[in-house]
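Text of the file final.txt, holding compact mmCIF, C-alpha atoms and all ligand atoms:
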```txt
# COMPACT_ATOMS: atom_id res chain seq x y z
CA SER A 1 13.85 -25.14 4.28
CA ALA A 2 10.44 -26.28 5.51
CA ALA A 3 11.33 -25.24 9.07
CA GLU A 4 12.05 -21.68 7.99
CA LYS A 5 8.62 -21.59 6.40
CA ASP A 6 6.99 -22.44 9.73
CA GLY A 7 4.89 -25.18 8.15
CA TYR A 8 3.63 -22.99 5.31
CA ASP A 9 4.18 -24.14 1.74
CA TYR A 10 5.65 -20.80 0.72
CA PHE A 11 7.34 -17.89 2.40
CA MET A 12 4.70 -15.67 0.87
CA LEU A 13 1.93 -17.47 2.77
CA LYS A 14 3.92 -17.22 5.97
CA GLU A 15 4.57 -13.54 5.40
CA ILE A 16 0.91 -12.82 4.64
CA ALA A 17 0.01 -14.55 7.90
CA GLU A 18 2.60 -12.55 9.82
CA GLN A 19 1.01 -9.23 8.90
CA PRO A 20 -0.87 -8.57 12.14
CA LYS A 21 2.39 -8.96 14.04
CA ALA A 22 4.36 -6.91 11.52
CA VAL A 23 1.85 -4.08 11.85
CA ALA A 24 1.86 -4.33 15.65
CA ASP A 25 5.66 -4.35 15.79
CA THR A 26 5.84 -1.29 13.56
CA LEU A 27 3.40 0.56 15.83
CA LEU A 28 5.10 -0.57 19.02
CA GLY A 29 6.23 2.29 21.25
CA ARG A 30 5.34 4.89 18.66
CA ILE A 31 1.89 5.89 19.93
CA GLY A 32 1.81 7.04 23.55
CA THR A 33 -1.03 6.29 25.97
CA ASP A 34 -1.87 9.99 25.64
CA GLY A 35 -2.46 9.47 21.91
CA ARG A 36 0.68 11.41 20.96
CA LEU A 37 3.23 10.16 18.47
CA HIS A 38 6.73 9.34 19.65
CA LEU A 39 9.15 9.13 16.77
CA ASP A 40 12.30 10.22 18.60
CA GLU A 41 14.38 8.16 16.20
CA VAL A 42 13.42 10.55 13.40
CA ARG A 43 16.37 12.81 14.04
CA ILE A 44 15.24 15.80 12.05
CA PRO A 45 14.89 18.82 14.35
CA ASP A 46 11.31 19.97 14.93
CA GLN A 47 12.25 23.41 13.63
CA VAL A 48 13.27 21.91 10.29
CA LEU A 49 10.02 19.94 10.09
CA ARG A 50 8.07 23.12 10.84
CA GLU A 51 9.71 24.87 7.92
CA VAL A 52 9.13 22.09 5.41
CA ASP A 53 7.08 23.47 2.53
CA LYS A 54 6.66 20.28 0.56
CA VAL A 55 7.07 16.56 0.95
CA VAL A 56 8.29 14.43 -1.94
CA ILE A 57 8.00 10.67 -1.63
CA ILE A 58 10.08 8.42 -3.86
CA ALA A 59 9.94 4.66 -4.28
CA CYS A 60 9.56 1.77 -6.73
CA GLY A 61 7.03 -1.00 -7.21
CA THR A 62 4.98 -1.94 -4.19
CA SER A 63 6.79 0.66 -2.09
CA PHE A 64 5.62 3.24 -4.61
CA HIS A 65 2.03 2.20 -3.96
CA ALA A 66 2.61 2.87 -0.26
CA ALA A 67 3.94 6.29 -1.27
CA MET A 68 0.79 7.04 -3.27
CA ILE A 69 -1.34 6.25 -0.23
CA ALA A 70 0.90 8.39 1.97
CA LYS A 71 0.16 11.41 -0.20
CA TYR A 72 -3.55 11.26 0.63
CA ALA A 73 -2.77 11.02 4.33
CA ILE A 74 -0.10 13.73 4.43
CA GLU A 75 -2.09 16.30 2.52
CA HIS A 76 -5.33 15.61 4.33
CA TRP A 77 -3.89 15.48 7.83
CA THR A 78 -1.14 18.11 7.62
CA ARG A 79 -2.08 20.36 4.66
CA VAL A 80 1.54 20.21 3.47
CA PRO A 81 1.75 19.71 -0.31
CA CYS A 82 3.02 16.25 -1.17
CA GLU A 83 4.34 14.84 -4.43
CA VAL A 84 4.92 11.22 -5.16
CA GLU A 85 7.19 9.92 -7.84
CA LEU A 86 8.68 6.73 -9.17
CA ALA A 87 12.36 6.76 -8.28
CA SER A 88 13.33 5.84 -11.82
CA GLU A 89 11.61 8.96 -13.17
CA PHE A 90 12.43 11.39 -10.41
CA ARG A 91 16.12 11.98 -10.96
CA TYR A 92 15.91 12.43 -14.68
CA ARG A 93 13.40 15.24 -14.82
CA ASP A 94 15.39 17.89 -12.96
CA PRO A 95 13.13 18.01 -9.89
CA ILE A 96 12.88 21.22 -7.87
CA LEU A 97 14.12 20.68 -4.34
CA ASP A 98 15.71 22.82 -1.67
CA LYS A 99 16.36 22.76 2.04
CA GLN A 100 12.68 23.21 2.81
CA SER A 101 11.83 20.00 0.96
CA LEU A 102 11.38 16.83 2.95
CA VAL A 103 12.12 13.85 0.76
CA VAL A 104 10.88 10.49 2.00
CA THR A 105 12.22 7.33 0.40
CA ILE A 106 10.38 4.07 0.96
CA SER A 107 12.17 0.77 0.48
CA GLN A 108 11.90 -2.69 1.95
CA SER A 109 15.47 -3.58 1.11
CA GLY A 110 17.14 -0.20 1.40
CA GLU A 111 19.24 -1.21 -1.61
CA THR A 112 17.03 -0.57 -4.64
CA MET A 113 19.36 1.28 -6.99
CA ASP A 114 16.74 3.60 -8.50
CA THR A 115 15.56 4.75 -5.09
CA LEU A 116 19.07 5.05 -3.71
CA MET A 117 20.16 7.21 -6.64
CA ALA A 118 17.09 9.40 -6.25
CA GLN A 119 17.84 9.75 -2.53
CA ARG A 120 21.41 10.82 -3.28
CA HIS A 121 20.19 13.29 -5.83
CA ALA A 122 17.74 14.77 -3.31
CA ARG A 123 20.46 15.22 -0.70
CA GLU A 124 22.71 16.91 -3.24
CA GLN A 125 19.93 19.45 -3.81
CA GLY A 126 19.90 20.20 -0.09
CA ALA A 127 16.67 18.40 0.76
CA LYS A 128 16.33 16.56 4.05
CA VAL A 129 15.86 12.85 3.49
CA LEU A 130 13.88 10.51 5.70
CA ALA A 131 14.21 6.84 4.76
CA ILE A 132 11.39 4.43 5.58
CA CYS A 133 13.10 1.08 5.43
CA ASN A 134 12.77 -2.52 6.60
CA THR A 135 16.42 -3.55 6.51
CA ASN A 136 18.65 -2.48 9.34
CA GLY A 137 21.92 -0.92 8.34
CA SER A 138 21.22 -1.05 4.59
CA THR A 139 22.46 1.73 2.33
CA MET A 140 19.42 4.03 2.23
CA PRO A 141 19.05 4.42 6.00
CA ARG A 142 22.82 4.79 6.36
CA GLU A 143 22.92 7.67 3.92
CA ALA A 144 19.67 9.40 4.91
CA ASP A 145 19.33 12.27 7.39
CA ALA A 146 16.87 10.20 9.38
CA VAL A 147 15.27 6.79 9.29
CA LEU A 148 12.02 5.27 10.41
CA TYR A 149 12.32 1.52 10.39
CA THR A 150 9.43 -0.73 9.56
CA HIS A 151 9.48 -3.86 11.70
CA ALA A 152 8.13 -6.45 9.30
CA GLY A 153 11.06 -8.77 9.97
CA PRO A 154 12.90 -10.37 7.06
CA GLU A 155 10.78 -10.64 3.92
CA VAL A 156 11.94 -13.55 1.77
CA ALA A 157 9.26 -13.93 -0.90
CA VAL A 158 9.94 -11.74 -3.91
CA ALA A 159 6.40 -10.38 -3.79
CA SER A 160 6.17 -7.84 -1.03
CA THR A 161 3.31 -8.31 1.44
CA LYS A 162 4.05 -7.67 5.09
CA ALA A 163 6.65 -5.03 4.23
CA PHE A 164 3.95 -3.13 2.33
CA LEU A 165 1.55 -3.10 5.27
CA THR A 166 4.29 -1.85 7.59
CA GLN A 167 5.28 0.83 5.07
CA LEU A 168 1.70 2.07 5.21
CA VAL A 169 1.87 2.16 8.99
CA ALA A 170 5.16 4.08 8.84
CA CYS A 171 3.64 6.56 6.37
CA TYR A 172 0.63 7.15 8.60
CA LEU A 173 2.95 7.68 11.56
CA VAL A 174 5.10 10.15 9.63
CA ALA A 175 2.03 12.06 8.46
CA LEU A 176 0.58 12.25 11.96
CA TYR A 177 3.95 13.17 13.45
CA LEU A 178 4.44 15.94 10.94
CA GLY A 179 1.04 17.34 11.86
CA GLN A 180 1.82 17.05 15.56
CA VAL A 181 5.18 18.85 15.28
CA ARG A 182 3.71 21.57 13.11
CA GLY A 183 0.78 22.09 15.44
CA THR A 184 -1.78 21.36 12.75
CA LYS A 185 -5.25 22.04 14.12
CA TRP A 186 -6.77 18.65 14.58
CA GLY A 187 -10.26 17.75 15.57
CA ASP A 188 -11.77 14.51 16.75
CA GLU A 189 -11.01 12.88 13.42
CA ILE A 190 -7.32 12.52 14.30
CA THR A 191 -7.94 11.23 17.80
CA GLU A 192 -10.17 8.59 16.22
CA VAL A 193 -7.59 7.79 13.52
CA ILE A 194 -4.82 7.29 16.07
CA GLU A 195 -7.03 4.99 18.13
CA GLN A 196 -8.02 3.02 15.08
CA LEU A 197 -4.45 2.79 13.84
CA ALA A 198 -3.49 1.18 17.12
CA ALA A 199 -6.28 -1.37 16.56
CA MET A 200 -5.21 -2.31 13.03
CA PRO A 201 -3.38 -5.54 13.94
CA GLU A 202 -6.69 -7.06 15.08
CA GLN A 203 -8.47 -5.77 11.99
CA VAL A 204 -5.87 -7.37 9.71
CA GLU A 205 -6.22 -10.59 11.70
CA LYS A 206 -9.98 -10.53 11.09
CA VAL A 207 -9.41 -10.28 7.35
CA LEU A 208 -7.00 -13.21 7.41
CA ASP A 209 -9.60 -15.31 9.23
CA THR A 210 -12.10 -14.90 6.39
CA MET A 211 -9.95 -15.67 3.35
CA GLU A 212 -11.26 -19.12 2.41
CA PRO A 213 -13.83 -17.83 -0.13
CA VAL A 214 -11.11 -15.67 -1.71
CA ARG A 215 -8.95 -18.76 -2.21
CA GLU A 216 -11.86 -20.61 -3.81
CA LEU A 217 -12.57 -17.66 -6.05
CA ALA A 218 -8.92 -17.46 -7.13
CA HIS A 219 -8.97 -21.14 -8.08
CA SER A 220 -12.12 -20.68 -10.12
CA LEU A 221 -10.39 -17.90 -12.10
CA LYS A 222 -7.23 -19.75 -12.96
CA ASP A 223 -8.07 -19.82 -16.65
CA ALA A 224 -8.95 -16.13 -16.93
CA ASN A 225 -6.77 -14.17 -19.34
CA SER A 226 -6.98 -10.85 -17.67
CA VAL A 227 -8.18 -9.21 -14.46
CA LEU A 228 -8.92 -5.54 -13.90
CA PHE A 229 -8.76 -3.73 -10.57
CA LEU A 230 -10.61 -0.51 -9.83
CA GLY A 231 -10.40 1.85 -6.90
CA ARG A 232 -10.75 5.49 -5.99
CA HIS A 233 -8.93 7.68 -3.50
CA VAL A 234 -6.65 5.41 -1.42
CA GLY A 235 -8.36 2.46 -3.08
CA PHE A 236 -6.67 3.40 -6.35
CA PRO A 237 -3.13 2.52 -5.21
CA VAL A 238 -4.63 -0.61 -3.63
CA ALA A 239 -6.00 -1.52 -7.06
CA LEU A 240 -2.55 -0.96 -8.59
CA GLU A 241 -1.03 -3.16 -5.91
CA GLY A 242 -3.57 -5.93 -6.55
CA ALA A 243 -2.70 -5.82 -10.25
CA LEU A 244 1.05 -5.81 -9.61
CA LYS A 245 0.78 -8.87 -7.37
CA LEU A 246 -1.15 -10.73 -10.05
CA LYS A 247 1.39 -9.83 -12.76
CA GLU A 248 4.33 -10.85 -10.62
CA LEU A 249 2.91 -14.12 -9.37
CA ALA A 250 0.35 -15.38 -11.84
CA TYR A 251 1.97 -13.84 -14.96
CA MET A 252 -1.44 -12.59 -15.98
CA HIS A 253 -2.46 -9.44 -17.68
CA ALA A 254 -3.72 -7.29 -14.84
CA GLU A 255 -4.29 -3.58 -14.64
CA GLY A 256 -5.35 -1.19 -11.94
CA PHE A 257 -7.37 1.90 -12.74
CA ALA A 258 -8.77 4.87 -10.92
CA ALA A 259 -12.46 4.07 -11.25
CA GLY A 260 -13.19 7.62 -12.34
CA GLU A 261 -10.98 7.06 -15.38
CA LEU A 262 -13.10 4.16 -16.64
CA LYS A 263 -15.17 6.26 -19.00
CA HIS A 264 -12.01 7.89 -20.35
CA GLY A 265 -10.86 4.68 -21.95
CA PRO A 266 -10.57 1.49 -19.91
CA ILE A 267 -14.30 0.72 -20.03
CA ALA A 268 -13.70 -0.34 -23.65
CA LEU A 269 -11.86 -3.37 -22.24
CA ILE A 270 -14.92 -4.73 -20.48
CA GLU A 271 -16.34 -7.85 -22.08
CA GLU A 272 -18.47 -10.80 -21.09
CA GLY A 273 -17.02 -12.64 -18.10
CA LEU A 274 -14.03 -10.34 -17.48
CA PRO A 275 -13.21 -10.42 -13.77
CA VAL A 276 -13.16 -6.90 -12.34
CA VAL A 277 -12.08 -6.41 -8.75
CA VAL A 278 -13.42 -3.24 -7.16
CA VAL A 279 -12.11 -1.74 -3.94
CA VAL A 280 -15.01 0.19 -2.46
CA PRO A 281 -14.33 3.15 -0.18
CA SER A 282 -16.10 3.33 3.12
CA PRO A 283 -19.68 4.56 2.83
CA ARG A 284 -18.99 6.75 5.87
CA GLY A 285 -16.84 9.84 5.62
CA ARG A 286 -16.48 10.55 1.93
CA SER A 287 -19.74 8.98 0.87
CA VAL A 288 -19.75 10.79 -2.49
CA LEU A 289 -16.90 8.57 -3.57
CA HIS A 290 -18.75 5.53 -2.35
CA ASP A 291 -21.81 6.35 -4.42
CA LYS A 292 -19.68 7.01 -7.48
CA ILE A 293 -17.95 3.68 -7.26
CA VAL A 294 -21.26 1.90 -6.84
CA SER A 295 -22.29 3.33 -10.21
CA ASN A 296 -18.93 2.25 -11.67
CA ILE A 297 -19.67 -1.30 -10.50
CA GLN A 298 -23.09 -1.13 -12.17
CA GLU A 299 -21.53 0.18 -15.38
CA VAL A 300 -18.99 -2.62 -15.73
CA ARG A 301 -21.50 -5.25 -14.74
CA ALA A 302 -24.01 -4.02 -17.29
CA ARG A 303 -21.28 -4.68 -19.88
CA GLY A 304 -20.79 -8.26 -18.78
CA ALA A 305 -17.99 -8.01 -16.18
CA ARG A 306 -17.90 -10.52 -13.36
CA THR A 307 -17.63 -8.19 -10.36
CA ILE A 308 -15.54 -9.03 -7.33
CA VAL A 309 -16.33 -6.40 -4.76
CA ILE A 310 -14.24 -5.63 -1.69
CA ALA A 311 -16.44 -3.64 0.66
CA GLU A 312 -16.76 -2.72 4.27
CA GLU A 313 -18.95 -4.76 6.59
CA GLY A 314 -22.43 -3.27 6.63
CA ASP A 315 -22.12 -1.69 3.20
CA THR A 316 -25.35 -3.05 1.75
CA ALA A 317 -25.49 -0.72 -1.26
CA VAL A 318 -22.99 -2.86 -3.19
CA GLU A 319 -24.81 -6.15 -2.67
CA PRO A 320 -27.05 -6.11 -5.75
CA TYR A 321 -24.07 -5.59 -8.07
CA ALA A 322 -21.49 -7.93 -6.59
CA ASP A 323 -21.05 -11.34 -8.19
CA HIS A 324 -18.58 -12.01 -5.38
CA LEU A 325 -18.47 -9.98 -2.20
CA ILE A 326 -15.40 -9.85 -0.01
CA ARG A 327 -16.00 -8.19 3.33
CA ILE A 328 -13.40 -6.13 5.19
CA PRO A 329 -13.74 -4.48 8.60
CA ALA A 330 -14.80 -0.84 8.80
CA THR A 331 -11.86 1.53 9.30
CA PRO A 332 -11.28 5.25 8.92
CA VAL A 333 -11.21 6.10 5.21
CA LEU A 334 -7.45 6.65 4.98
CA LEU A 335 -6.57 3.45 6.85
CA GLN A 336 -8.62 1.15 4.63
CA PRO A 337 -5.62 0.02 2.50
CA LEU A 338 -4.30 -1.91 5.52
CA VAL A 339 -7.27 -4.24 5.32
CA ALA A 340 -8.23 -3.95 1.63
CA THR A 341 -4.84 -5.09 0.34
CA VAL A 342 -4.84 -8.39 2.20
CA PRO A 343 -7.49 -10.18 0.10
CA LEU A 344 -5.65 -9.08 -3.04
CA GLN A 345 -2.42 -10.65 -1.80
CA VAL A 346 -4.21 -13.89 -0.99
CA PHE A 347 -5.99 -13.79 -4.34
CA ALA A 348 -2.76 -13.41 -6.34
CA CYS A 349 -0.87 -16.00 -4.31
CA GLU A 350 -3.67 -18.54 -4.66
CA LEU A 351 -4.22 -17.93 -8.35
CA ALA A 352 -0.50 -18.36 -9.00
CA THR A 353 -0.49 -21.59 -7.03
CA ALA A 354 -3.52 -22.81 -8.98
CA LYS A 355 -1.57 -22.18 -12.17
CA GLY A 356 1.34 -24.16 -10.78
CA HIS A 357 3.76 -21.25 -10.43
CA GLU A 358 6.55 -20.93 -7.93
CA VAL A 359 5.22 -18.06 -5.82
CA ASP A 360 8.32 -17.26 -3.79
CA GLN A 361 10.59 -16.94 -6.81
CA PRO A 362 8.62 -15.62 -9.77
CA ARG A 363 10.34 -15.73 -13.14
CA ASN A 364 12.52 -12.78 -14.20
CA LEU A 365 12.32 -11.04 -10.83
CA ALA A 366 14.80 -10.38 -8.05
CA LYS A 367 13.95 -9.55 -4.45
CA SER A 368 15.95 -6.39 -4.55
CA VAL A 369 16.77 -4.62 -7.75
CA THR A 370 20.30 -3.33 -7.30
CA VAL A 371 20.80 -2.27 -10.90
CA GLU A 372 19.25 0.74 -12.59
C1 LIG B 1 6.92 -6.09 -4.89
O1 LIG B 1 6.10 -7.19 -4.85
C2 LIG B 1 8.04 -6.13 -5.83
N1 LIG B 1 8.78 -7.32 -5.84
C3 LIG B 1 8.80 -4.85 -6.13
O2 LIG B 1 7.89 -4.03 -6.81
C4 LIG B 1 9.41 -4.05 -4.96
O3 LIG B 1 8.41 -3.52 -4.16
C5 LIG B 1 10.32 -2.96 -5.55
O4 LIG B 1 11.35 -3.54 -6.30
C6 LIG B 1 10.89 -2.04 -4.49
O5 LIG B 1 11.72 -2.71 -3.59
P1 LIG B 1 12.20 -2.05 -2.26
O6 LIG B 1 11.01 -1.76 -1.42
O7 LIG B 1 13.13 -3.03 -1.62
O8 LIG B 1 12.93 -0.77 -2.63
```
Since I need it in another form, could you write the structure as structure tokens?
Ligand code: AGP
Amino acid sequence: SAAEKDGYDYFMLKEIAEQPKAVADTLLGRIGTDGRLHLDEVRIPDQVLREVDKVVIIACGTSFHAAMIAKYAIEHWTRVPCEVELASEFRYRDPILDKQSLVVTISQSGETMDTLMAQRHAREQGAKVLAICNTNGSTMPREADAVLYTHAGPEVAVASTKAFLTQLVACYLVALYLGQVRGTKWGDEITEVIEQLAAMPEQVEKVLDTMEPVRELAHSLKDANSVLFLGRHVGFPVALEGALKLKELAYMHAEGFAAGELKHGPIALIEEGLPVVVVVPSPRGRSVLHDKIVSNIQEVRARGARTIVIAEEGDTAVEPYADHLIRIPATPVLLQPLVATVPLQVFACELATAKGHEVDQPRNLAKSVTVE
């Protein structure tokens, strides 16, 4: 009903708008005033976490994109090897797991059959399973060794938005917690990351306040046949997520690529007027990546692409090559997906609306996929 939508036309719009609160609720009580992580609910003994020799993260769809981002954070912050796999592939390739493996499943619903089956398989191999889940009392958290709930609140729209942002938060928390328990030597970078993580609700709010040009842009592209998304590092899964949203909602051909792969094939797709969305990593920190993506933008633009560039405030290097520039607040490199994904959600939602599609209930899709 209209009341349930809080005055928004669609649940998806309401859920996009709820993201600052969803992120704040998922952080609530989990970072102490001393900057230490408190995840007491993760009932896996510290000793077990200290002995973990690899992390394997399993999920489907949007939750899989959160898993991909988690890998960058876990390996960089804790130096524990981390694999990420689609749940539907995982179980059928005879994966190597034992009691020193920590398997993390990520699921909004907690009922996705592929992920549930993979989780069961992991437990049978003796791995410890931590479920990151948004639905209280659903099957995955009930069967897992431990659970870290995301507090996005009920997500009704088929396209996942606020659940995704809270999954990212949960992944960052797990990564930081793992490092804390294992006594990983951390410098100022982590102190800064924890502070900035706590400030993410306001950063997401800032992005939401500046979305009008993105809506206009989406409308102007409603007759495009195809849109490409490019990113590097954590921007790569963000690009995949932007493409998935556009497929689901606007029924358009959309693909996400690692920008470094362009010259290995996808650049052949570039033609006059093709919209190419580029997620630009922060120019601070890993600036090599930043410079590389700037040349990728130049390359596609030289071949006629219409470039839509998502870049940090103050990043002036991208300006000459951006046909459209979408600004996001500066964040630590690994946290950027929390702000970079938001314009892509708005873009897909708006483009779908412009095409006259029903955004909450896209064709052929179910909110939770309980069949294999
Ligand atoms: C997201 O927009 C999708 N509808 C879909 O990819 C979803 O993320 C996937 O089916 C996994 O669902 P889950 O998080 O409930 O396990």
(message) Here's a test: counting all atoms listed in the file, identify every protein, DNA and RNA residue with an atom at most 12 Å from (8.4, 12.0, -7.4) in the file's coordinate frame, and state them as a PyMOL selection string.
(response) chain A and resi 54-60+64+67-68+71+82-97+102-106+114-115+118-119+121-122
(request) One decimal, Å: what's the distance from atom CA of A:Leu325 over to atom CA of A:Val276, could you say? (result)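 Pair atom CA of A:Leu325 / atom CA of A:Val276 returns 11.9 Å.
From atom CA of A:Glu255 back to atom CA of A:His65, the distance works out to 13.7 Å.
Proximity of A:His264, A:Lys21, A:Lys247, A:Lys206 to ligand LIG 1 (chain B), computed with all atoms listed in the file, is greatest for A:Lys247.
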(request) Write out as a ChimeraX atom specification each polymer residue whose atoms come within 12 Å of A:Ile194, counting all atoms listed in the file; drop sequence neighbours fewer than 5 positions from it. (result) /A:27,30-37,77,169,172-173,175-177,180,186-189,199-200,331-332,334-335
(message) Just want the residues within 6 Å of ligand LIG 1 (chain B), written as number ranges by chain, counting all atoms listed in the file.
(response) A: 60-63, 107-110, 112, 158-160, 367-369
(request) Measuring atom to atom with all atoms listed in the file, identify which of A:Val277, A:Ala17, A:Ala198, A:Leu249 is nearest to A:Leu230. (result) A:Val277
(message) Would you compute the distance between atom CA of A:Ala340 and atom CA of A:Glu216? Give it in Å to one decimal.
(response)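 According to the coordinates, atom CA of A:Ala340 and atom CA of A:Glu216 are separated by 17.9 Å.
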(message) Please return as a PyMOL selection string every residue within 10 Å of (9.2, 26.1, 7.2), taking into account only C-alpha atoms and the file's own coordinates.
(response) chain A and resi 47-54+99-101+182
Kindly save the residues from that selection, with C-alpha atoms included, as a PDB file, in the frame of the given file.
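Okay, this is what ended up in again_20.pdb:
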```pdb
ATOM      1  CA  GLN A  47      12.250  23.410  13.630  1.00  0.00           C
ATOM      2  CA  VAL A  48      13.270  21.910  10.290  1.00  0.00           C
ATOM      3  CA  LEU A  49      10.020  19.940  10.090  1.00  0.00           C
ATOM      4  CA  ARG A  50       8.070  23.120  10.840  1.00  0.00           C
ATOM      5  CA  GLU A  51       9.710  24.870   7.920  1.00  0.00           C
ATOM      6  CA  VAL A  52       9.130  22.090   5.410  1.00  0.00           C
ATOM      7  CA  ASP A  53       7.080  23.470   2.530  1.00  0.00           C
ATOM      8  CA  LYS A  54       6.660  20.280   0.560  1.00  0.00           C
ATOM      9  CA  LYS A  99      16.360  22.760   2.040  1.00  0.00           C
ATOM     10  CA  GLN A 100      12.680  23.210   2.810  1.00  0.00           C
ATOM     11  CA  SER A 101      11.830  20.000   0.960  1.00  0.00           C
ATOM     12  CA  ARG A 182       3.710  21.570  13.110  1.00  0.00           C
TER      13      ARG A 182
END
```
(request) Using all atoms listed in the file, determine which residues lie at most 12 Å from A:Thr210, disregarding the query and same-chain residues fewer than 6 positions distant; provide the list as an MDAnalysis selection string. (result) chainID A and resid 203:204 216 325:329 339 342:343 346
(message) Report as a ChimeraX atom specification all protein, DNA and RNA residues lying within 7 Å of A:Ala144, evaluated on only C-alpha atoms, omitting residues in the same chain fewer than 5 positions from it.
(response) /A:129-131
(message) From the options A:Ala22, A:Ile132, A:Ala218, A:Ala157, which residue's atoms come nearest to A:Leu365, counting all atoms listed in the file?
(response)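 Among the listed residues, A:Ala157 lies closest to A:Leu365.
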Take every atom of stretch 36-44 of chain A listed in the file, fit an axis-aligned box around them, add 6 Å per side, and give the centre and edge lengths in Å to one decimal as AutoDock Vina command-line options.
```
--center_x 8.5 --center_y 12.0 --center_z 16.5 --size_x 27.7 --size_y 19.6 --size_z 20.9
```
(message) Measuring between only C-alpha atoms, which one of A:Phe229, A:Pro281, A:Arg123, A:Leu178 shows the shortest distance to A:Asp46?
(response)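 Of all the options, A:Leu178 lies closest to A:Asp46.
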(message) Here is a test: counting only C-alpha atoms, which residue of A:Leu165, A:Ala354, A:Leu39, A:Val300 is nearest to A:Pro20?
(response)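 Nearest candidate to A:Pro20 out of A:Leu165, A:Ala354, A:Leu39, A:Val300: A:Leu165.
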